[in-house]
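As stored in final12.cif (mmCIF, C-alpha atoms):
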data_model
loop_
_atom_site.group_PDB
_atom_site.id
_atom_site.type_symbol
_atom_site.label_atom_id
_atom_site.label_comp_id
_atom_site.auth_asym_id
_atom_site.auth_seq_id
_atom_site.Cartn_x
_atom_site.Cartn_y
_atom_site.Cartn_z
ATOM 1 C CA MET A 12 -58.972 -37.520 45.358
ATOM 2 C CA ALA A 13 -56.445 -36.408 47.960
ATOM 3 C CA VAL A 14 -52.983 -35.319 46.884
ATOM 4 C CA HIS A 15 -50.255 -36.888 49.044
ATOM 5 C CA ARG A 16 -46.944 -35.227 49.938
ATOM 6 C CA VAL A 17 -45.384 -33.698 46.834
ATOM 7 C CA LEU A 18 -41.672 -33.632 46.001
ATOM 8 C CA ILE A 19 -40.635 -30.895 43.551
ATOM 9 C CA THR A 20 -37.356 -31.099 41.660
ATOM 10 C CA GLY A 21 -36.326 -27.687 40.395
ATOM 11 C CA GLY A 22 -38.575 -26.277 43.086
ATOM 12 C CA THR A 23 -36.637 -23.036 43.581
ATOM 13 C CA GLY A 24 -36.585 -22.004 39.910
ATOM 14 C CA PHE A 25 -39.006 -19.755 38.040
ATOM 15 C CA VAL A 26 -41.885 -22.231 37.766
ATOM 16 C CA GLY A 27 -40.958 -23.988 40.992
ATOM 17 C CA LYS A 28 -41.415 -20.851 43.092
ATOM 18 C CA HIS A 29 -44.915 -20.349 41.717
ATOM 19 C CA LEU A 30 -45.686 -24.031 42.183
ATOM 20 C CA GLN A 31 -44.665 -23.837 45.827
ATOM 21 C CA GLU A 32 -47.006 -20.865 46.270
ATOM 22 C CA GLY A 33 -49.850 -22.726 44.551
ATOM 23 C CA LEU A 34 -49.453 -25.845 46.687
ATOM 24 C CA LYS A 35 -49.186 -23.783 49.873
ATOM 25 C CA GLU A 36 -52.362 -21.856 49.014
ATOM 26 C CA ARG A 37 -54.228 -25.168 48.664
ATOM 27 C CA GLY A 38 -52.821 -26.627 51.868
ATOM 28 C CA ILE A 39 -50.946 -29.384 50.017
ATOM 29 C CA ASP A 40 -47.868 -30.727 51.805
ATOM 30 C CA TYR A 41 -44.721 -30.489 49.684
ATOM 31 C CA ASP A 42 -40.937 -30.625 49.753
ATOM 32 C CA ALA A 43 -38.606 -28.678 47.474
ATOM 33 C CA PHE A 44 -34.854 -28.215 47.288
ATOM 34 C CA SER A 45 -32.350 -26.192 45.280
ATOM 35 C CA SER A 46 -29.479 -27.362 43.090
ATOM 36 C CA LYS A 47 -27.122 -25.917 45.701
ATOM 37 C CA GLU A 48 -28.473 -28.449 48.193
ATOM 38 C CA TYR A 49 -28.551 -31.400 45.790
ATOM 39 C CA ASP A 50 -27.069 -31.360 42.299
ATOM 40 C CA LEU A 51 -29.214 -33.914 40.468
ATOM 41 C CA ALA A 52 -26.560 -34.304 37.774
ATOM 42 C CA VAL A 53 -24.336 -35.936 40.419
ATOM 43 C CA LYS A 54 -25.448 -39.493 41.135
ATOM 44 C CA GLU A 55 -24.626 -39.510 44.856
ATOM 45 C CA GLN A 56 -26.376 -36.196 45.479
ATOM 46 C CA ALA A 57 -29.432 -37.223 43.476
ATOM 47 C CA GLU A 58 -29.639 -40.464 45.437
ATOM 48 C CA ALA A 59 -29.400 -38.558 48.710
ATOM 49 C CA ALA A 60 -32.168 -36.158 47.629
ATOM 50 C CA PHE A 61 -34.546 -39.122 47.366
ATOM 51 C CA ALA A 62 -33.187 -41.316 50.149
ATOM 52 C CA GLU A 63 -33.481 -38.593 52.792
ATOM 53 C CA ARG A 64 -37.218 -38.049 52.183
ATOM 54 C CA LYS A 65 -40.232 -39.990 53.408
ATOM 55 C CA GLY A 66 -43.852 -40.386 52.422
ATOM 56 C CA ILE A 67 -43.673 -38.929 48.935
ATOM 57 C CA GLY A 68 -46.830 -39.650 46.935
ATOM 58 C CA VAL A 69 -46.226 -37.337 43.957
ATOM 59 C CA ILE A 70 -43.019 -36.248 42.228
ATOM 60 C CA LEU A 71 -43.184 -33.134 40.059
ATOM 61 C CA HIS A 72 -40.002 -33.131 38.001
ATOM 62 C CA LEU A 73 -39.142 -29.619 36.835
ATOM 63 C CA ALA A 74 -35.361 -29.633 37.195
ATOM 64 C CA SER A 75 -33.277 -28.982 34.078
ATOM 65 C CA PHE A 76 -30.273 -27.030 32.829
ATOM 66 C CA GLN A 77 -32.015 -24.663 30.463
ATOM 67 C CA ALA A 78 -32.045 -21.167 28.994
ATOM 68 C CA ALA A 79 -33.403 -19.635 25.802
ATOM 69 C CA ALA A 80 -32.266 -17.151 23.114
ATOM 70 C CA GLU A 81 -28.848 -18.206 21.759
ATOM 71 C CA PHE A 82 -27.918 -20.224 24.854
ATOM 72 C CA PRO A 83 -28.879 -23.667 23.390
ATOM 73 C CA ALA A 84 -26.747 -23.029 20.305
ATOM 74 C CA LYS A 85 -23.732 -22.069 22.420
ATOM 75 C CA HIS A 86 -24.000 -24.841 25.041
ATOM 76 C CA PRO A 87 -25.341 -27.977 23.323
ATOM 77 C CA ALA A 88 -22.840 -30.404 24.876
ATOM 78 C CA GLU A 89 -23.315 -29.059 28.408
ATOM 79 C CA GLN A 90 -27.085 -29.227 28.039
ATOM 80 C CA PHE A 91 -26.894 -32.756 26.658
ATOM 81 C CA LEU A 92 -24.692 -34.012 29.487
ATOM 82 C CA ARG A 93 -26.279 -32.260 32.454
ATOM 83 C CA ASN A 94 -29.892 -32.810 31.442
ATOM 84 C CA SER A 95 -29.399 -36.446 30.500
ATOM 85 C CA LEU A 96 -27.813 -37.097 33.901
ATOM 86 C CA ILE A 97 -30.503 -35.162 35.776
ATOM 87 C CA HIS A 98 -33.343 -37.048 34.106
ATOM 88 C CA LEU A 99 -31.753 -40.484 34.426
ATOM 89 C CA HIS A 100 -30.958 -39.936 38.100
ATOM 90 C CA VAL A 101 -34.498 -38.734 38.835
ATOM 91 C CA LEU A 102 -36.013 -41.749 37.091
ATOM 92 C CA GLU A 103 -33.832 -44.094 39.140
ATOM 93 C CA GLY A 104 -34.547 -42.230 42.371
ATOM 94 C CA TRP A 105 -38.256 -42.571 41.648
ATOM 95 C CA ARG A 106 -37.963 -46.295 40.931
ATOM 96 C CA ARG A 107 -35.766 -47.105 43.905
ATOM 97 C CA PHE A 108 -37.250 -44.959 46.659
ATOM 98 C CA PHE A 109 -40.839 -44.077 45.714
ATOM 99 C CA PRO A 110 -41.992 -46.569 43.056
ATOM 100 C CA ARG A 111 -45.648 -46.121 44.049
ATOM 101 C CA ALA A 112 -45.500 -42.347 43.741
ATOM 102 C CA LYS A 113 -46.994 -40.687 40.700
ATOM 103 C CA LEU A 114 -44.374 -38.843 38.662
ATOM 104 C CA ILE A 115 -45.294 -35.919 36.419
ATOM 105 C CA ALA A 116 -42.406 -34.527 34.411
ATOM 106 C CA ILE A 117 -42.420 -31.146 32.697
ATOM 107 C CA GLY A 118 -41.442 -31.259 29.039
ATOM 108 C CA THR A 119 -40.995 -28.642 26.338
ATOM 109 C CA SER A 120 -42.826 -27.841 23.125
ATOM 110 C CA CYS A 121 -39.494 -27.400 21.324
ATOM 111 C CA ALA A 122 -39.159 -31.208 21.421
ATOM 112 C CA TYR A 123 -42.018 -31.510 18.938
ATOM 113 C CA PRO A 124 -41.044 -32.141 15.283
ATOM 114 C CA SER A 125 -40.005 -28.870 13.671
ATOM 115 C CA ASP A 126 -42.104 -29.502 10.559
ATOM 116 C CA ALA A 127 -45.321 -30.496 12.363
ATOM 117 C CA VAL A 128 -48.222 -28.193 11.461
ATOM 118 C CA THR A 129 -50.413 -29.197 14.412
ATOM 119 C CA LEU A 130 -48.659 -30.154 17.643
ATOM 120 C CA THR A 131 -50.860 -32.997 18.875
ATOM 121 C CA GLU A 132 -49.607 -35.333 21.586
ATOM 122 C CA GLU A 133 -49.370 -38.415 19.369
ATOM 123 C CA LYS A 134 -46.843 -36.595 17.145
ATOM 124 C CA PHE A 135 -44.410 -35.774 19.947
ATOM 125 C CA LEU A 136 -41.730 -38.242 18.788
ATOM 126 C CA ASP A 137 -42.610 -38.225 15.082
ATOM 127 C CA GLY A 138 -39.941 -36.196 13.354
ATOM 128 C CA GLU A 139 -36.756 -34.175 13.489
ATOM 129 C CA ILE A 140 -36.229 -31.495 16.141
ATOM 130 C CA HIS A 141 -35.412 -27.943 15.062
ATOM 131 C CA GLY A 142 -31.654 -27.486 14.786
ATOM 132 C CA SER A 143 -31.552 -24.457 17.063
ATOM 133 C CA VAL A 144 -32.537 -26.522 20.123
ATOM 134 C CA TYR A 145 -31.628 -30.057 19.056
ATOM 135 C CA SER A 146 -29.604 -31.017 22.133
ATOM 136 C CA TYR A 147 -31.862 -29.695 24.898
ATOM 137 C CA ALA A 148 -35.010 -30.892 23.124
ATOM 138 C CA PHE A 149 -33.526 -34.366 22.627
ATOM 139 C CA THR A 150 -32.952 -34.715 26.375
ATOM 140 C CA LYS A 151 -36.623 -33.864 26.926
ATOM 141 C CA ARG A 152 -37.563 -36.635 24.492
ATOM 142 C CA LEU A 153 -35.168 -38.906 26.364
ATOM 143 C CA LEU A 154 -37.040 -38.082 29.575
ATOM 144 C CA TYR A 155 -40.397 -38.936 28.023
ATOM 145 C CA THR A 156 -39.007 -42.180 26.591
ATOM 146 C CA GLY A 157 -37.595 -43.035 30.014
ATOM 147 C CA ILE A 158 -40.996 -42.553 31.627
ATOM 148 C CA LEU A 159 -42.574 -44.880 29.060
ATOM 149 C CA ALA A 160 -39.859 -47.472 29.680
ATOM 150 C CA TYR A 161 -40.159 -47.337 33.481
ATOM 151 C CA ASN A 162 -43.951 -47.559 33.245
ATOM 152 C CA ASP A 163 -43.666 -50.612 31.006
ATOM 153 C CA GLN A 164 -40.986 -52.502 32.929
ATOM 154 C CA TYR A 165 -41.626 -51.512 36.538
ATOM 155 C CA GLY A 166 -45.348 -50.736 36.496
ATOM 156 C CA THR A 167 -44.800 -47.156 37.629
ATOM 157 C CA ASN A 168 -47.238 -44.332 36.997
ATOM 158 C CA GLY A 169 -45.435 -41.568 35.135
ATOM 159 C CA SER A 170 -46.895 -38.809 32.972
ATOM 160 C CA TYR A 171 -45.430 -36.009 30.888
ATOM 161 C CA VAL A 172 -46.810 -32.468 30.600
ATOM 162 C CA VAL A 173 -45.785 -30.147 27.755
ATOM 163 C CA PRO A 174 -46.368 -26.460 28.591
ATOM 164 C CA ALA A 175 -46.552 -23.458 26.306
ATOM 165 C CA THR A 176 -43.867 -20.805 26.812
ATOM 166 C CA MET A 177 -44.426 -19.291 30.230
ATOM 167 C CA TYR A 178 -43.939 -15.791 31.580
ATOM 168 C CA GLY A 179 -44.472 -14.228 34.981
ATOM 169 C CA GLU A 180 -42.872 -13.005 38.166
ATOM 170 C CA TYR A 181 -39.440 -14.531 39.002
ATOM 171 C CA ASP A 182 -38.827 -15.176 35.284
ATOM 172 C CA ASP A 183 -35.480 -14.683 33.545
ATOM 173 C CA PHE A 184 -35.469 -11.207 31.965
ATOM 174 C CA HIS A 185 -31.888 -11.147 30.663
ATOM 175 C CA VAL A 186 -31.718 -10.847 26.878
ATOM 176 C CA GLU A 187 -28.949 -13.471 26.570
ATOM 177 C CA THR A 188 -30.897 -16.321 28.192
ATOM 178 C CA ALA A 189 -34.581 -15.354 28.482
ATOM 179 C CA HIS A 190 -37.479 -16.599 26.386
ATOM 180 C CA VAL A 191 -38.890 -13.920 24.111
ATOM 181 C CA SER A 192 -41.624 -12.920 26.574
ATOM 182 C CA GLY A 193 -39.210 -12.388 29.461
ATOM 183 C CA ALA A 194 -36.613 -10.727 27.233
ATOM 184 C CA LEU A 195 -39.152 -8.237 25.861
ATOM 185 C CA ILE A 196 -40.487 -7.397 29.315
ATOM 186 C CA GLY A 197 -36.906 -6.782 30.406
ATOM 187 C CA LYS A 198 -36.196 -4.592 27.380
ATOM 188 C CA PHE A 199 -39.306 -2.433 27.640
ATOM 189 C CA VAL A 200 -39.056 -1.863 31.382
ATOM 190 C CA ARG A 201 -35.395 -0.954 30.981
ATOM 191 C CA ALA A 202 -36.235 1.432 28.133
ATOM 192 C CA VAL A 203 -38.824 3.224 30.268
ATOM 193 C CA ARG A 204 -36.600 3.404 33.344
ATOM 194 C CA GLU A 205 -33.571 4.635 31.385
ATOM 195 C CA GLY A 206 -35.386 6.832 28.872
ATOM 196 C CA LEU A 207 -34.271 4.895 25.800
ATOM 197 C CA PRO A 208 -35.754 6.030 22.457
ATOM 198 C CA GLU A 209 -36.206 2.573 20.904
ATOM 199 C CA VAL A 210 -36.410 -1.148 21.641
ATOM 200 C CA GLU A 211 -34.967 -3.802 19.334
ATOM 201 C CA ILE A 212 -37.072 -6.897 18.657
ATOM 202 C CA TRP A 213 -35.534 -9.956 17.051
ATOM 203 C CA GLY A 214 -37.076 -11.002 13.728
ATOM 204 C CA ASP A 215 -39.698 -9.248 11.631
ATOM 205 C CA GLY A 216 -42.432 -9.706 14.227
ATOM 206 C CA THR A 217 -44.490 -12.191 12.234
ATOM 207 C CA GLN A 218 -43.205 -15.296 14.042
ATOM 208 C CA VAL A 219 -45.963 -16.851 16.141
ATOM 209 C CA ARG A 220 -45.637 -18.388 19.599
ATOM 210 C CA GLU A 221 -47.962 -19.649 22.308
ATOM 211 C CA PHE A 222 -47.677 -17.965 25.698
ATOM 212 C CA MET A 223 -49.106 -18.765 29.115
ATOM 213 C CA TYR A 224 -48.994 -16.944 32.442
ATOM 214 C CA VAL A 225 -47.078 -19.148 34.880
ATOM 215 C CA LYS A 226 -49.809 -19.133 37.532
ATOM 216 C CA ASP A 227 -52.252 -20.490 34.937
ATOM 217 C CA PHE A 228 -49.837 -23.361 34.335
ATOM 218 C CA VAL A 229 -49.568 -24.030 38.061
ATOM 219 C CA ASP A 230 -53.360 -24.179 38.290
ATOM 220 C CA ALA A 231 -53.444 -26.660 35.400
ATOM 221 C CA LEU A 232 -50.653 -28.817 36.817
ATOM 222 C CA ILE A 233 -52.234 -29.090 40.259
ATOM 223 C CA HIS A 234 -55.567 -29.858 38.590
ATOM 224 C CA LEU A 235 -53.910 -32.714 36.667
ATOM 225 C CA ILE A 236 -52.127 -34.362 39.608
ATOM 226 C CA PRO A 237 -55.005 -36.586 40.754
ATOM 227 C CA LEU A 238 -56.387 -37.112 37.241
ATOM 228 C CA CYS A 239 -53.569 -38.087 34.883
ATOM 229 C CA ASP A 240 -52.254 -41.639 34.633
ATOM 230 C CA ARG A 241 -49.445 -42.608 32.239
ATOM 231 C CA ASP A 242 -50.309 -39.843 29.800
ATOM 232 C CA LEU A 243 -48.773 -37.097 27.644
ATOM 233 C CA ILE A 244 -50.648 -33.804 27.887
ATOM 234 C CA ASN A 245 -50.203 -30.422 26.197
ATOM 235 C CA VAL A 246 -50.926 -27.482 28.491
ATOM 236 C CA GLY A 247 -51.508 -24.065 26.963
ATOM 237 C CA PRO A 248 -54.199 -21.774 25.593
ATOM 238 C CA GLY A 249 -54.022 -23.370 22.139
ATOM 239 C CA LYS A 250 -53.795 -19.905 20.620
ATOM 240 C CA GLY A 251 -50.790 -18.252 19.016
ATOM 241 C CA THR A 252 -49.639 -14.653 19.316
ATOM 242 C CA SER A 253 -47.314 -12.887 16.900
ATOM 243 C CA ILE A 254 -44.167 -11.380 18.369
ATOM 244 C CA LYS A 255 -45.277 -8.025 16.985
ATOM 245 C CA ASP A 256 -48.543 -8.219 18.944
ATOM 246 C CA LEU A 257 -46.756 -9.410 22.078
ATOM 247 C CA ALA A 258 -44.264 -6.550 21.835
ATOM 248 C CA GLY A 259 -47.104 -4.077 21.372
ATOM 249 C CA LEU A 260 -48.888 -5.396 24.467
ATOM 250 C CA ILE A 261 -45.767 -5.291 26.639
ATOM 251 C CA SER A 262 -44.898 -1.821 25.333
ATOM 252 C CA GLU A 263 -48.362 -0.583 26.314
ATOM 253 C CA LYS A 264 -48.285 -2.134 29.799
ATOM 254 C CA ALA A 265 -44.783 -0.754 30.424
ATOM 255 C CA GLY A 266 -45.789 2.735 29.295
ATOM 256 C CA PHE A 267 -43.129 2.875 26.567
ATOM 257 C CA LYS A 268 -43.578 5.746 24.097
ATOM 258 C CA GLY A 269 -40.578 5.173 21.846
ATOM 259 C CA LYS A 270 -39.955 3.261 18.612
ATOM 260 C CA LEU A 271 -40.092 -0.509 18.052
ATOM 261 C CA VAL A 272 -37.264 -1.682 15.775
ATOM 262 C CA PHE A 273 -37.535 -5.151 14.217
ATOM 263 C CA ASN A 274 -34.141 -6.730 13.430
ATOM 264 C CA LYS A 275 -34.567 -9.420 10.776
ATOM 265 C CA GLU A 276 -30.939 -10.504 11.155
ATOM 266 C CA ARG A 277 -31.287 -11.821 14.697
ATOM 267 C CA TYR A 278 -32.233 -15.326 15.866
ATOM 268 C CA VAL A 279 -35.943 -16.214 15.602
ATOM 269 C CA GLY A 280 -36.152 -20.049 15.617
ATOM 270 C CA ILE A 281 -39.249 -21.802 14.268
ATOM 271 C CA LYS A 282 -41.667 -19.531 12.391
ATOM 272 C CA GLU A 283 -44.803 -20.769 14.149
ATOM 273 C CA LYS A 284 -45.429 -23.021 17.147
ATOM 274 C CA VAL A 285 -48.845 -23.609 18.719
ATOM 275 C CA MET A 286 -49.969 -26.780 20.516
ATOM 276 C CA ASP A 287 -53.258 -28.618 20.208
ATOM 277 C CA VAL A 288 -54.961 -28.637 23.628
ATOM 278 C CA HIS A 289 -58.145 -30.592 22.901
ATOM 279 C CA LYS A 290 -57.066 -33.378 25.285
ATOM 280 C CA LEU A 291 -56.528 -30.929 28.143
ATOM 281 C CA ALA A 292 -60.025 -29.492 27.709
ATOM 282 C CA GLY A 293 -61.915 -32.619 26.665
ATOM 283 C CA LYS A 294 -60.358 -35.351 28.778
ATOM 284 C CA TYR A 295 -59.238 -33.326 31.772
ATOM 285 C CA GLY A 296 -61.713 -30.451 31.831
ATOM 286 C CA PHE A 297 -59.214 -27.599 32.030
ATOM 287 C CA VAL A 298 -58.957 -24.514 29.812
ATOM 288 C CA VAL A 299 -56.052 -22.058 29.983
ATOM 289 C CA ASN A 300 -56.997 -18.378 29.721
ATOM 290 C CA PRO A 301 -55.818 -17.128 26.291
ATOM 291 C CA ASP A 302 -55.862 -13.457 27.358
ATOM 292 C CA LEU A 303 -52.239 -12.402 27.897
ATOM 293 C CA ALA A 304 -52.964 -8.876 29.101
ATOM 294 C CA PRO A 305 -53.604 -9.513 32.838
ATOM 295 C CA GLY A 306 -50.525 -11.684 33.300
ATOM 296 C CA VAL A 307 -48.312 -9.362 31.255
ATOM 297 C CA GLU A 308 -49.503 -6.376 33.275
ATOM 298 C CA ARG A 309 -48.729 -8.125 36.574
ATOM 299 C CA THR A 310 -45.319 -9.269 35.361
ATOM 300 C CA VAL A 311 -44.337 -5.849 34.005
ATOM 301 C CA LYS A 312 -45.391 -4.221 37.272
ATOM 302 C CA TRP A 313 -43.445 -6.782 39.336
ATOM 303 C CA TYR A 314 -40.273 -6.424 37.261
ATOM 304 C CA ALA A 315 -40.506 -2.624 37.304
ATOM 305 C CA GLN A 316 -40.795 -2.703 41.108
ATOM 306 C CA ASN A 317 -37.741 -4.985 41.339
ATOM 307 C CA TYR A 318 -35.803 -3.442 38.463
ATOM 308 C CA ASP A 319 -32.932 -1.957 40.464
ATOM 309 C CA ARG A 320 -32.277 -5.348 42.056
ATOM 310 C CA LEU A 321 -32.738 -7.472 38.930
ATOM 311 C CA ARG A 322 -31.672 -5.359 35.937
ATOM 312 C CA ASP A 323 -28.228 -6.977 35.617
ATOM 313 C CA LYS A 324 -29.128 -10.352 37.100
ATOM 314 C CA ARG A 325 -27.939 -13.305 35.007
ATOM 315 C CA LYS A 326 -29.459 -16.759 35.087
ATOM 316 C CA PHE A 327 -26.024 -18.349 35.411
ATOM 317 C CA ALA A 328 -22.941 -17.065 37.223
ATOM 318 C CA SER A 329 -20.881 -17.240 34.032
#
In structure tokens, how does this file's structure come out?
Amino acid sequence: MAVHRVLITGGTGFVGKHLQEGLKERGIDYDAFSSKEYDLAVKEQAEAAFAERKGIGVILHLASFQAAAEFPAKHPAEQFLRNSLIHLHVLEGWRRFFPRAKLIAIGTSCAYPSDAVTLTEEKFLDGEIHGSVYSYAFTKRLLYTGILAYNDQYGTNGSYVVPATMYGEYDDFHVETAHVSGALIGKFVRAVREGLPEVEIWGDGTQVREFMYVKDFVDALIHLIPLCDRDLINVGPGKGTSIKDLAGLISEKAGFKGKLVFNKERYVGIKEKVMDVHKLAGKYGFVVNPDLAPGVERTVKWYAQNYDRLRDKRKFAS
């Protein structure tokens, strides 16, 4: 099945840059814009972003106001406002300007119930969100609910993809806003470059997360475009990795010879989070590589090569 012209929201962010590369490699026509060109939280700008485009057959909605670590706890109101507006404006732009286009929105695993043992798709809305990310995660549930509502009332074809935590080139590596994978890569590369004797790791190292190289996610997403219809799909390896093991892997790939210090007093979030990916493999015939080593090695090498330019780079201006 041919993939028609693709519109990417959030197309110049971490995942968006890799998605552009993946579409270009496959010869798929696409359009992407930055938040500096169109702020999707502003109704008039969001409307213009859709109205000024033609022939869109697929909308990949990645745009959000998001960061990790302690950022969600410090900016819950801003995240609630900006993300709610972004998602509502995108849904309306879809309905008004490209109602026959297929929309695939990117969700987050932190929107799953915090007490769920197995994160299967049918449990996505069944329970309370973890308090550390309640505002951001709620807006991702709002987005999924909006897709269901638009599908039901307007007959649109919207789906929702929930990825595991991603890492890779162009990621955020700043400790104040990065996910644990990006933060640790940033810490270990810095330690090697600056000759630091130790690296601090938040928590005791036993917390378990699911990680995925960003290019593997792009492969999965492009694979799903012609196949998914009005569905909710987990995308990940379905395998957890302890933070201790992740830190050990990154330390090895970075060539760090110092001491790893685990700080049990720092923020760690949910103790364990791994998604069930049987639908991805069984229904859609795609399996994400569970081996983190190749992607970590490439990311560490890329960040080390760009360290002087990126070492103090912040995700947000302030």
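Of the listed residues (A:Lys326, A:His289, A:Lys198, A:Arg93), A:Arg93 comes nearest to Val53 in chain A; the distances count all atoms listed in the file.
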Practice item. Quick one: pull the distance between CA of Ser146 in chain A and CA of Met286 in chain A, Å, one decimal. Key: 20.9 Å
Point to revise | Pairwise distance for CA of Ile236 in chain A and CA of Tyr161 in chain A, rounded to one decimal in Å | key: 18.7 Å
Review point. Which residues fall under the PyMOL selection byres ((chain A and resi 308-316) around 7) in this file, as an MDAnalysis selection string?
Key: chainID A and resid 179:180 196 200 264:265 304:307 317:318
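Residue nearest Lys250 in chain A, chosen from A:Leu159, A:Leu130, A:Leu232, A:Leu92 and counting only C-alpha atoms: A:Leu130.
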Exercise for review: Report the residues retrieved by the PyMOL selection byres ((chain A and resi 231) around 9) from the displayed file, expressed as an MDAnalysis selection string.
Suggested key: chainID A and resid 226:230 232:236 246 291 297:299
Write the residues of the preceding selection, restricted to C-alpha atoms, as an mmCIF file, in the frame of the given file.
data_model
loop_
_atom_site.group_PDB
_atom_site.id
_atom_site.type_symbol
_atom_site.label_atom_id
_atom_site.label_comp_id
_atom_site.auth_asym_id
_atom_site.auth_seq_id
_atom_site.Cartn_x
_atom_site.Cartn_y
_atom_site.Cartn_z
ATOM 1 C CA LYS A 226 -49.809 -19.133 37.532
ATOM 2 C CA ASP A 227 -52.252 -20.490 34.937
ATOM 3 C CA PHE A 228 -49.837 -23.361 34.335
ATOM 4 C CA VAL A 229 -49.568 -24.030 38.061
ATOM 5 C CA ASP A 230 -53.360 -24.179 38.290
ATOM 6 C CA LEU A 232 -50.653 -28.817 36.817
ATOM 7 C CA ILE A 233 -52.234 -29.090 40.259
ATOM 8 C CA HIS A 234 -55.567 -29.858 38.590
ATOM 9 C CA LEU A 235 -53.910 -32.714 36.667
ATOM 10 C CA ILE A 236 -52.127 -34.362 39.608
ATOM 11 C CA VAL A 246 -50.926 -27.482 28.491
ATOM 12 C CA LEU A 291 -56.528 -30.929 28.143
ATOM 13 C CA PHE A 297 -59.214 -27.599 32.030
ATOM 14 C CA VAL A 298 -58.957 -24.514 29.812
ATOM 15 C CA VAL A 299 -56.052 -22.058 29.983
#
Review point. Which distance in Å separates CA of Asp42 in chain A and CA of Asp242 in chain A, to one decimal?
Key: 23.9 Å
Practice item. Decode the PyMOL selection byres ((chain A and resi 98-100) around 8) for the given file into explicit residues and return them as a PyMOL selection string. Key: chain A and resi 51-52+54+57-58+94-97+101-104+154+157
Exercise for review: Select, from A:Gly142, A:Gly68, A:Ile19, A:Ala160, the residue with the minimum atom-to-atom distance to Ile117 in chain A, counting only C-alpha atoms.
Suggested key: A:Ile19
Please report as JSON lines every residue of range 174-265 of chain A lying within 8 Å of range 269-278 of chain A, along with the nearest atom pair and their distance in Å (one decimal), using all atoms listed in the file.
{"residue": "A:Leu207", "atom": "CA", "partner": "A:Gly269", "partner_atom": "CA", "distance": 7.4}
{"residue": "A:Pro208", "atom": "CA", "partner": "A:Gly269", "partner_atom": "CA", "distance": 4.9}
{"residue": "A:Glu209", "atom": "CA", "partner": "A:Lys270", "partner_atom": "CA", "distance": 4.4}
{"residue": "A:Val210", "atom": "CA", "partner": "A:Leu271", "partner_atom": "CA", "distance": 5.2}
{"residue": "A:Glu211", "atom": "CA", "partner": "A:Val272", "partner_atom": "CA", "distance": 4.7}
{"residue": "A:Ile212", "atom": "CA", "partner": "A:Phe273", "partner_atom": "CA", "distance": 4.8}
{"residue": "A:Trp213", "atom": "CA", "partner": "A:Asn274", "partner_atom": "CA", "distance": 5.0}
{"residue": "A:Gly214", "atom": "CA", "partner": "A:Lys275", "partner_atom": "CA", "distance": 4.2}
{"residue": "A:Asp215", "atom": "CA", "partner": "A:Lys275", "partner_atom": "CA", "distance": 5.2}
{"residue": "A:Gly216", "atom": "CA", "partner": "A:Phe273", "partner_atom": "CA", "distance": 6.7}
Could you take the residues named above and write them with C-alpha atoms, as a compact mmCIF listing (two decimals), in the frame of the given file?
# COMPACT_ATOMS: atom_id res chain seq x y z
CA LEU A 207 -34.27 4.89 25.80
CA PRO A 208 -35.75 6.03 22.46
CA GLU A 209 -36.21 2.57 20.90
CA VAL A 210 -36.41 -1.15 21.64
CA GLU A 211 -34.97 -3.80 19.33
CA ILE A 212 -37.07 -6.90 18.66
CA TRP A 213 -35.53 -9.96 17.05
CA GLY A 214 -37.08 -11.00 13.73
CA ASP A 215 -39.70 -9.25 11.63
CA GLY A 216 -42.43 -9.71 14.23
